[in-house]
Amino acid sequence: MGLLDVQASFLANQASNYLVSGKPPSRLGNSHPNIAPYDSVPTRDGFIVLAVGNNVQFGSLCHTLGVDHVADDPRFLTNALRVANRSALLTNLQPAMMTRDTAEWV
């Protein structure tokens, strides 16, 4: 596979977002620009990547973490709202993730 092909595929989300919005992408680390939570989060002994692709999965995640109230928070009812409020979302999820070791979560 050519290097240009690989680069284009890696930047597909960033390029699409720019072409649609006209807004240059910002650095997000391991976060996904269009999905939240899709981030590296700390556990008691390391890190794990949460990748939650839809509202049903988000409700299940919150239930599993014992933070059902987060799923009902108006800031997090849809993926678009979770993306817009990513920082507050992670602030609510991280304490629960840090109650167990990585191996327990996976």
# chains A, B, ... in the order shown; residues from 1 in each chain; ligands from 1
$ select_by_dssp --residues "chain A" --states "alpha helix (DSSP H)" --output "PyMOL selection string"
chain A and resi 3-10+12-21+55-65+68-72+79-84+86-97+102-105
$ residues_around --residues "region 23-28 of chain A" --least-positions-apart "4" --cutoff "12 Å" --atoms "only C-alpha atoms" --output "NGL selection string"
:A and (11-19 or 32-36 or 38-40 or 83 or 86-87)
$ write_last_selection --atoms "C-alpha atoms" --output "compact mmCIF listing (two decimals), in the first residue's frame"
# COMPACT_ATOMS: atom_id res chain seq x y z
CA LEU A 11 -7.02 11.37 7.98
CA ALA A 12 -10.46 10.48 6.60
CA ASN A 13 -12.38 11.70 9.66
CA GLN A 14 -10.29 14.83 10.06
CA ALA A 15 -10.50 15.74 6.38
CA SER A 16 -14.24 15.09 6.21
CA ASN A 17 -14.87 17.22 9.28
CA TYR A 18 -12.84 20.07 7.81
CA LEU A 19 -14.54 19.88 4.41
CA HIS A 32 -12.29 10.30 18.23
CA PRO A 33 -13.50 13.60 16.75
CA ASN A 34 -17.06 12.37 16.17
CA ILE A 35 -17.72 9.81 18.93
CA ALA A 36 -17.75 10.13 22.70
CA TYR A 38 -13.98 7.15 22.55
CA ASP A 39 -10.98 7.86 24.70
CA SER A 40 -8.15 6.43 26.77
CA VAL A 83 -18.93 15.11 21.87
CA ARG A 86 -16.53 15.50 26.20
CA SER A 87 -14.54 16.95 29.10
$ atom_distance --atom1 "CA of His63 (chain A)" --atom2 "CA of Phe76 (chain A)"
14.1 Å
$ closest_residue --among "A:Asn30, A:Gln7, A:Ser21, A:Thr43" --to "Thr99 (chain A)" --atoms "only C-alpha atoms"
A:Thr43
$ closest_residue --among "A:Leu77, A:Val106, A:Ala96, A:Ala71" --to "Val49 (chain A)" --atoms "only C-alpha atoms"
A:Val106
$ closest_residue --among "A:Gly46, A:Gly53, A:Gly66, A:Gly59" --to "Ala103 (chain A)" --atoms "only C-alpha atoms"
A:Gly46
$ closest_residue --among "A:Arg82, A:Arg100, A:Arg75, A:His69" --to "Asp45 (chain A)" --atoms "only C-alpha atoms"
A:Arg100
$ select_by_dssp --residues "chain A" --states "strand (DSSP E or B)" --output "PyMOL selection string"
chain A and resi 38-42+47-51
$ residues_around --residues "Val52 (chain A)" --least-positions-apart "5" --cutoff "6 Å" --atoms "only C-alpha atoms" --output "PyMOL selection string"
chain A and resi 37+57-58
$ atom_distance --atom1 "CA of Ile48 (chain A)" --atom2 "CA of Leu3 (chain A)"
29.3 Å
$ atom_distance --atom1 "CA of Val20 (chain A)" --atom2 "CA of Thr78 (chain A)"
20.3 Å
$ closest_residue --among "A:Asp5, A:Pro74, A:Val41, A:Asn79" --to "Val56 (chain A)" --atoms "only C-alpha atoms"
A:Asn79
